[in-house]
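Have a look at model_14.cif; it's mmCIF, C-alpha atoms:
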```
data_target
loop_
_atom_site.label_atom_id
_atom_site.label_comp_id
_atom_site.auth_asym_id
_atom_site.auth_seq_id
_atom_site.Cartn_x
_atom_site.Cartn_y
_atom_site.Cartn_z
CA ALA T 1 40.04 -141.01 239.43
CA GLN T 2 40.64 -137.94 241.50
CA SER T 3 43.70 -137.56 243.73
CA VAL T 4 45.82 -134.93 245.40
CA THR T 5 49.55 -134.58 245.89
CA GLN T 6 50.89 -132.49 248.73
CA LEU T 7 54.30 -131.42 247.56
CA ASP T 8 55.91 -131.01 250.98
CA SER T 9 55.70 -133.48 253.83
CA HIS T 10 57.11 -130.93 256.27
CA VAL T 11 57.24 -127.12 256.21
CA SER T 12 58.98 -125.04 258.85
CA VAL T 13 58.48 -121.28 259.19
CA SER T 14 59.22 -118.64 261.78
CA GLU T 15 56.41 -116.98 263.66
CA GLY T 16 55.19 -113.91 261.79
CA THR T 17 56.43 -115.07 258.37
CA PRO T 18 54.20 -116.25 255.48
CA VAL T 19 52.99 -119.81 255.16
CA LEU T 20 52.70 -121.69 251.85
CA LEU T 21 51.48 -125.28 251.75
CA ARG T 22 51.35 -126.71 248.24
CA CYS T 23 48.75 -129.03 246.78
CA ASN T 24 48.25 -130.29 243.22
CA TYR T 25 45.17 -132.19 242.24
CA SER T 26 44.17 -134.63 239.54
CA SER T 27 40.55 -134.91 238.48
CA SER T 28 38.71 -135.80 235.31
CA TYR T 29 35.86 -133.47 236.14
CA SER T 30 35.34 -130.23 238.00
CA PRO T 31 36.54 -131.00 241.49
CA SER T 32 35.63 -129.76 244.91
CA LEU T 33 38.74 -129.04 246.97
CA PHE T 34 39.26 -128.61 250.68
CA TRP T 35 41.92 -127.96 253.25
CA TYR T 36 41.64 -129.56 256.67
CA VAL T 37 43.82 -129.10 259.73
CA GLN T 38 44.52 -131.74 262.36
CA HIS T 39 45.91 -130.78 265.72
CA PRO T 40 47.32 -133.57 267.93
CA ASN T 41 44.59 -135.61 269.60
CA LYS T 42 41.88 -133.52 267.97
CA GLY T 43 39.51 -134.13 265.09
CA LEU T 44 40.00 -132.78 261.60
CA GLN T 45 38.76 -129.23 261.19
CA LEU T 46 37.69 -127.72 257.88
CA LEU T 47 39.77 -124.64 257.03
CA LEU T 48 38.19 -123.77 253.70
CA LYS T 49 36.55 -125.26 250.61
CA TYR T 50 36.33 -124.58 246.90
CA THR T 51 33.17 -125.72 245.12
CA SER T 52 33.29 -123.95 241.73
CA ALA T 53 32.43 -120.49 242.99
CA ALA T 54 35.13 -117.82 243.53
CA THR T 55 38.62 -119.13 242.79
CA LEU T 56 40.13 -117.31 245.77
CA VAL T 57 38.73 -118.90 248.89
CA LYS T 58 39.05 -117.41 252.35
CA GLY T 59 38.92 -119.68 255.35
CA ILE T 60 39.21 -119.53 259.08
CA ASN T 61 42.18 -118.26 261.09
CA GLY T 62 43.45 -116.07 258.24
CA PHE T 63 44.08 -118.90 255.77
CA GLU T 64 43.17 -118.69 252.11
CA ALA T 65 43.67 -120.77 248.99
CA GLU T 66 43.49 -120.10 245.28
CA PHE T 67 42.10 -122.58 242.77
CA LYS T 68 44.21 -122.50 239.59
CA LYS T 69 42.77 -124.79 236.96
CA SER T 70 45.60 -124.21 234.48
CA GLU T 71 48.12 -125.34 237.07
CA THR T 72 45.83 -127.91 238.74
CA SER T 73 46.84 -126.40 242.06
CA PHE T 74 45.12 -125.37 245.28
CA HIS T 75 47.87 -123.98 247.50
CA LEU T 76 47.12 -122.84 251.04
CA THR T 77 48.59 -119.55 252.27
CA LYS T 78 48.61 -117.34 255.33
CA PRO T 79 50.36 -113.96 255.52
CA SER T 80 51.72 -114.37 259.02
CA ALA T 81 52.22 -117.62 260.91
CA HIS T 82 51.22 -118.00 264.52
CA MET T 83 52.51 -120.58 266.97
CA SER T 84 49.01 -122.06 267.18
CA ASP T 85 49.13 -122.87 263.44
CA ALA T 86 51.55 -125.74 264.08
CA ALA T 87 49.62 -128.84 263.00
CA GLU T 88 49.11 -131.34 260.18
CA TYR T 89 47.35 -129.99 257.10
CA PHE T 90 45.51 -132.10 254.54
CA CYS T 91 44.44 -131.20 251.04
CA VAL T 92 41.33 -133.07 249.90
CA VAL T 93 39.64 -133.53 246.54
CA THR T 94 36.32 -134.97 245.56
CA LEU T 95 33.92 -134.80 242.66
CA TYR T 96 30.72 -132.86 243.07
CA ASN T 97 28.13 -135.07 244.71
CA ASN T 98 30.67 -137.83 245.13
CA ASN T 99 31.04 -138.86 248.71
CA ASP T 100 34.51 -140.36 248.35
CA MET T 101 36.89 -137.73 249.69
CA ARG T 102 40.53 -138.32 248.71
CA PHE T 103 43.03 -136.97 251.21
CA GLY T 104 46.62 -136.08 250.50
CA ALA T 105 49.40 -137.52 252.65
CA GLY T 106 49.53 -134.36 254.72
CA THR T 107 52.00 -131.55 255.41
CA ARG T 108 53.29 -131.02 258.90
CA LEU T 109 53.69 -127.33 259.65
CA THR T 110 56.20 -126.33 262.31
CA VAL T 111 56.28 -122.74 263.56
CA LYS T 112 59.48 -121.57 265.22
CA PRO T 113 59.46 -118.75 267.79
CA ASP S 1 25.80 -128.34 270.90
CA ALA S 2 27.87 -131.51 271.02
CA GLY S 3 29.92 -132.20 267.96
CA VAL S 4 30.74 -135.62 266.63
CA THR S 5 31.58 -138.05 269.40
CA GLN S 6 33.35 -141.39 269.13
CA SER S 7 33.91 -144.23 271.53
CA PRO S 8 36.09 -145.68 272.77
CA THR S 9 39.06 -143.32 272.58
CA HIS S 10 41.62 -146.09 272.54
CA LEU S 11 41.36 -149.81 272.00
CA ILE S 12 43.84 -152.67 272.02
CA LYS S 13 42.91 -155.93 270.33
CA THR S 14 44.64 -159.14 269.37
CA ARG S 15 45.05 -160.33 265.80
CA GLY S 16 42.03 -162.34 264.69
CA GLN S 17 39.60 -160.67 267.08
CA GLN S 18 36.64 -158.51 266.16
CA VAL S 19 36.08 -154.88 267.13
CA THR S 20 33.18 -152.43 267.13
CA LEU S 21 33.65 -148.67 267.09
CA ARG S 22 30.85 -146.20 267.71
CA CYS S 23 30.00 -142.75 266.44
CA SER S 24 27.32 -140.21 267.31
CA PRO S 25 26.85 -137.51 264.68
CA LYS S 26 26.56 -133.81 265.26
CA SER S 27 23.05 -132.68 266.11
CA GLY S 28 21.00 -132.21 262.93
CA HIS S 29 23.20 -134.46 260.81
CA ASP S 30 21.86 -137.63 259.22
CA THR S 31 24.86 -138.97 257.31
CA VAL S 32 27.91 -140.70 258.76
CA SER S 33 31.17 -141.51 257.00
CA TRP S 34 34.07 -143.57 258.32
CA TYR S 35 37.75 -143.14 257.56
CA GLN S 36 40.92 -145.03 258.41
CA GLN S 37 44.06 -143.01 259.09
CA ALA S 38 47.25 -145.03 259.31
CA LEU S 39 50.21 -143.48 261.07
CA GLY S 40 51.80 -140.75 258.95
CA GLN S 41 49.15 -140.92 256.24
CA GLY S 42 46.01 -139.09 255.28
CA PRO S 43 42.59 -140.56 256.08
CA GLN S 44 41.15 -143.11 253.66
CA PHE S 45 37.43 -143.34 253.03
CA ILE S 46 35.88 -146.62 254.22
CA PHE S 47 32.15 -146.10 253.67
CA GLN S 48 29.22 -143.79 254.21
CA TYR S 49 25.78 -144.41 255.71
CA TYR S 50 22.53 -142.56 255.11
CA GLU S 51 19.00 -143.71 255.95
CA GLU S 52 20.51 -146.82 257.56
CA GLU S 53 22.03 -147.96 254.29
CA GLU S 54 25.56 -148.03 253.00
CA ARG S 55 25.59 -145.45 250.21
CA GLN S 56 29.18 -145.56 249.07
CA ARG S 57 32.23 -147.63 249.85
CA GLY S 58 35.93 -147.14 249.46
CA ASN S 59 38.50 -149.79 248.68
CA PHE S 60 38.22 -151.83 251.87
CA PRO S 61 37.58 -155.57 252.25
CA ASP S 62 34.34 -157.07 253.50
CA ARG S 63 35.91 -157.53 256.92
CA PHE S 64 34.93 -153.90 257.38
CA SER S 65 31.20 -153.49 257.87
CA GLY S 66 28.95 -150.93 259.40
CA HIS S 67 25.54 -150.05 260.59
CA GLN S 68 23.48 -146.93 261.07
CA PHE S 69 20.70 -146.73 263.62
CA PRO S 70 17.40 -144.81 263.41
CA ASN S 71 18.90 -142.07 265.61
CA TYR S 72 21.66 -141.66 262.96
CA SER S 73 24.44 -143.00 265.15
CA SER S 74 26.69 -145.54 263.53
CA GLU S 75 28.98 -148.46 264.22
CA LEU S 76 32.04 -149.68 262.39
CA ASN S 77 32.82 -153.38 262.75
CA VAL S 78 36.08 -155.00 261.76
CA ASN S 79 36.37 -158.79 261.78
CA ALA S 80 39.47 -161.00 261.78
CA LEU S 81 41.74 -158.15 262.77
CA LEU S 82 45.13 -157.87 261.13
CA LEU S 83 48.18 -156.02 262.38
CA GLY S 84 47.69 -153.64 259.45
CA ASP S 85 44.32 -152.58 260.81
CA SER S 86 46.10 -150.60 263.51
CA ALA S 87 45.13 -146.99 262.82
CA LEU S 88 43.10 -144.01 263.90
CA TYR S 89 39.49 -144.47 262.85
CA LEU S 90 37.65 -141.25 262.17
CA CYS S 91 33.95 -140.68 261.94
CA ALA S 92 32.52 -137.70 260.09
CA SER S 93 28.95 -136.51 260.01
CA SER S 94 27.09 -134.32 257.56
CA SER S 95 23.63 -133.45 256.37
CA TRP S 96 22.64 -135.24 253.18
CA SER S 97 20.52 -132.31 252.03
CA SER S 98 23.21 -129.66 252.48
CA GLY S 99 25.98 -131.55 250.77
CA PHE S 100 28.48 -134.13 251.82
CA TYR S 101 31.35 -131.68 251.95
CA GLU S 102 30.13 -130.02 255.09
CA GLN S 103 31.64 -132.86 257.08
CA TYR S 104 32.46 -132.57 260.76
CA PHE S 105 34.99 -135.00 262.13
CA GLY S 106 35.18 -136.64 265.52
CA PRO S 107 38.44 -137.02 267.46
CA GLY S 108 38.81 -140.63 266.39
CA THR S 109 39.35 -144.03 267.96
CA ARG S 110 42.93 -145.25 268.13
CA LEU S 111 42.95 -149.01 267.43
CA THR S 112 46.07 -151.03 268.15
CA VAL S 113 46.21 -154.64 266.99
CA THR S 114 48.88 -156.80 268.60
#
```

What is this structure when it is put down as structure tokens?
Amino acid sequence: AQSVTQLDSHVSVSEGTPVLLRCNYSSSYSPSLFWYVQHPNKGLQLLLKYTSAATLVKGINGFEAEFKKSETSFHLTKPSAHMSDAAEYFCVVTLYNNNDMRFGAGTRLTVKP
Amino acid sequence: DAGVTQSPTHLIKTRGQQVTLRCSPKSGHDTVSWYQQALGQGPQFIFQYYEEEERQRGNFPDRFSGHQFPNYSSELNVNALLLGDSALYLCASSSWSSGFYEQYFGPGTRLTVT
């Protein structure tokens, strides 16, 4: 069965510095992978998705992620953190055409002024 | 264009009671999925509805049931509430024809069981 492991429960960065949120996945078949962001009292918002096209995926708000099959990773990065990026981030895996999305436990990103 | 809406926003119930949560999908979407998000955890898939039928189900007991109406809105029902059912319940909508992964989430219903 597919699953994801988010390697850090909490990441703290200073405003203007790079962001790296790590995610490893486990899947028997070619997975689809996603990153979602959840701001307090707001719904989950899709940042980006990988569905077997280009391995480097660009998302909204300057975020991007690279699918590395050899490392079974899908880390989320951003060159320069902004205060508004502070939120909970979830890595998600699913099989193509499988409606069961498996969420990681989440990484809380804190951005210091 | 209204996104996914859920009602109520908050709900407090007593152990053993029954609860119904409601979801209206984004305009143009015909598929609704429900998730349970316990405090400090990622959402867990409960089930998905399309054409008024349950299409897929996660690892949840039969106490969790649902319904989809002809206008694509959906309800989640939970019977015989347990303290462990306290969570944020999220609804997500998508278009079956464009792929499940284009899911849009609502803000959720916070259920507290006392």

Quiz item: Any chance you could work out the residue set of the PyMOL selection byres ((chain T) within 7 of (chain S)) here, as a PyMOL selection string?
Solution: chain T and resi 41-45+99-106

Quiz item: What is the distance between CA of Ala1 in chain T and CA of Glu66 in chain T, in Å to one decimal?
Solution: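 Answer for the CA of Ala1 in chain T to CA of Glu66 in chain T separation: 22.0 Å.
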
Quiz item: So how far away is CA of Val19 in chain T from CA of Thr77 in chain T, in Å?
Solution: 5.3 Å

Practice problem: Could you state which residues are captured by the PyMOL selection byres ((chain T and resi 60) around 9) in this file, as a count of residues only? | Solution: 9

Practice problem: Could you jot down the CA of Pro113 in chain T to CA of Ser14 in chain T separation for me, Å, one decimal place? | Solution: 6.0 Å

Can you list, as a short mmCIF file (atom, residue, chain, number, x, y, z; two decimals) with C-alpha atoms, keeping the file's coordinate frame, the residues that the PyMOL selection byres ((chain S and resi 32) around 9) selects here?
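Writing the result to part-v6.cif gives the following:
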```cif
data_model
loop_
_atom_site.label_atom_id
_atom_site.label_comp_id
_atom_site.auth_asym_id
_atom_site.auth_seq_id
_atom_site.Cartn_x
_atom_site.Cartn_y
_atom_site.Cartn_z
CA CYS S 23 30.00 -142.75 266.44
CA SER S 24 27.32 -140.21 267.31
CA PRO S 25 26.85 -137.51 264.68
CA HIS S 29 23.20 -134.46 260.81
CA ASP S 30 21.86 -137.63 259.22
CA THR S 31 24.86 -138.97 257.31
CA SER S 33 31.17 -141.51 257.00
CA TRP S 34 34.07 -143.57 258.32
CA PHE S 47 32.15 -146.10 253.67
CA GLN S 48 29.22 -143.79 254.21
CA TYR S 49 25.78 -144.41 255.71
CA TYR S 50 22.53 -142.56 255.11
CA GLN S 68 23.48 -146.93 261.07
CA TYR S 72 21.66 -141.66 262.96
CA SER S 73 24.44 -143.00 265.15
CA SER S 74 26.69 -145.54 263.53
CA CYS S 91 33.95 -140.68 261.94
CA ALA S 92 32.52 -137.70 260.09
CA SER S 93 28.95 -136.51 260.01
CA SER S 94 27.09 -134.32 257.56
CA SER S 95 23.63 -133.45 256.37
CA GLN S 103 31.64 -132.86 257.08
#
```

Quiz item: T:Val111, T:Met83, T:Ala53, T:Leu76: which is nearest Leu21 in chain T, counting only C-alpha atoms?
Solution: T:Leu76

Could you pull the residues within 9 Å of Thr107 in chain T, counting all atoms listed in the file, minus those fewer than 6 positions along the same chain, as an mmCIF file with C-alpha atoms, in the coordinates of the input?
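And here is the file that came out, out_21.cif:
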```
data_model
loop_
_atom_site.group_PDB
_atom_site.id
_atom_site.type_symbol
_atom_site.label_atom_id
_atom_site.label_comp_id
_atom_site.auth_asym_id
_atom_site.auth_seq_id
_atom_site.Cartn_x
_atom_site.Cartn_y
_atom_site.Cartn_z
ATOM 1 C CA GLN T 6 50.890 -132.490 248.730
ATOM 2 C CA LEU T 7 54.300 -131.420 247.560
ATOM 3 C CA ASP T 8 55.910 -131.010 250.980
ATOM 4 C CA SER T 9 55.700 -133.480 253.830
ATOM 5 C CA HIS T 10 57.110 -130.930 256.270
ATOM 6 C CA VAL T 11 57.240 -127.120 256.210
ATOM 7 C CA LEU T 21 51.480 -125.280 251.750
ATOM 8 C CA ARG T 22 51.350 -126.710 248.240
ATOM 9 C CA ALA T 87 49.620 -128.840 263.000
ATOM 10 C CA GLU T 88 49.110 -131.340 260.180
ATOM 11 C CA TYR T 89 47.350 -129.990 257.100
ATOM 12 C CA PHE T 90 45.510 -132.100 254.540
ATOM 13 C CA CYS T 91 44.440 -131.200 251.040
#
```

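Using only C-alpha atoms, the nearest neighbour of Ser73 in chain T within the list T:Thr5, T:Gln38, T:Thr110, T:Ser28 is T:Thr5.
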
Practice problem: Show which residues sit within 9 Å of Thr55 in chain T, as a ChimeraX atom specification. Count only C-alpha atoms, and ignore same-chain residues fewer than 2 positions away. | Solution: /T:50-53,57,65-68

Quiz item: Skipping near chain neighbours, those fewer than 6 positions away, what residues fall within 8 Å of Thr17 in chain T using all atoms listed in the file, listed as a PyMOL selection string?
Solution: chain T and resi 79-81

Practice problem: Please provide the set of residues having any atom within 8 Å of Asp85 in chain S, restricted to only C-alpha atoms, with same-chain residues fewer than 4 positions apart removed, written as a list in words. | Solution: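 What passes the distance filter is Leu81, Leu111, Thr112 and Val113 of chain S.
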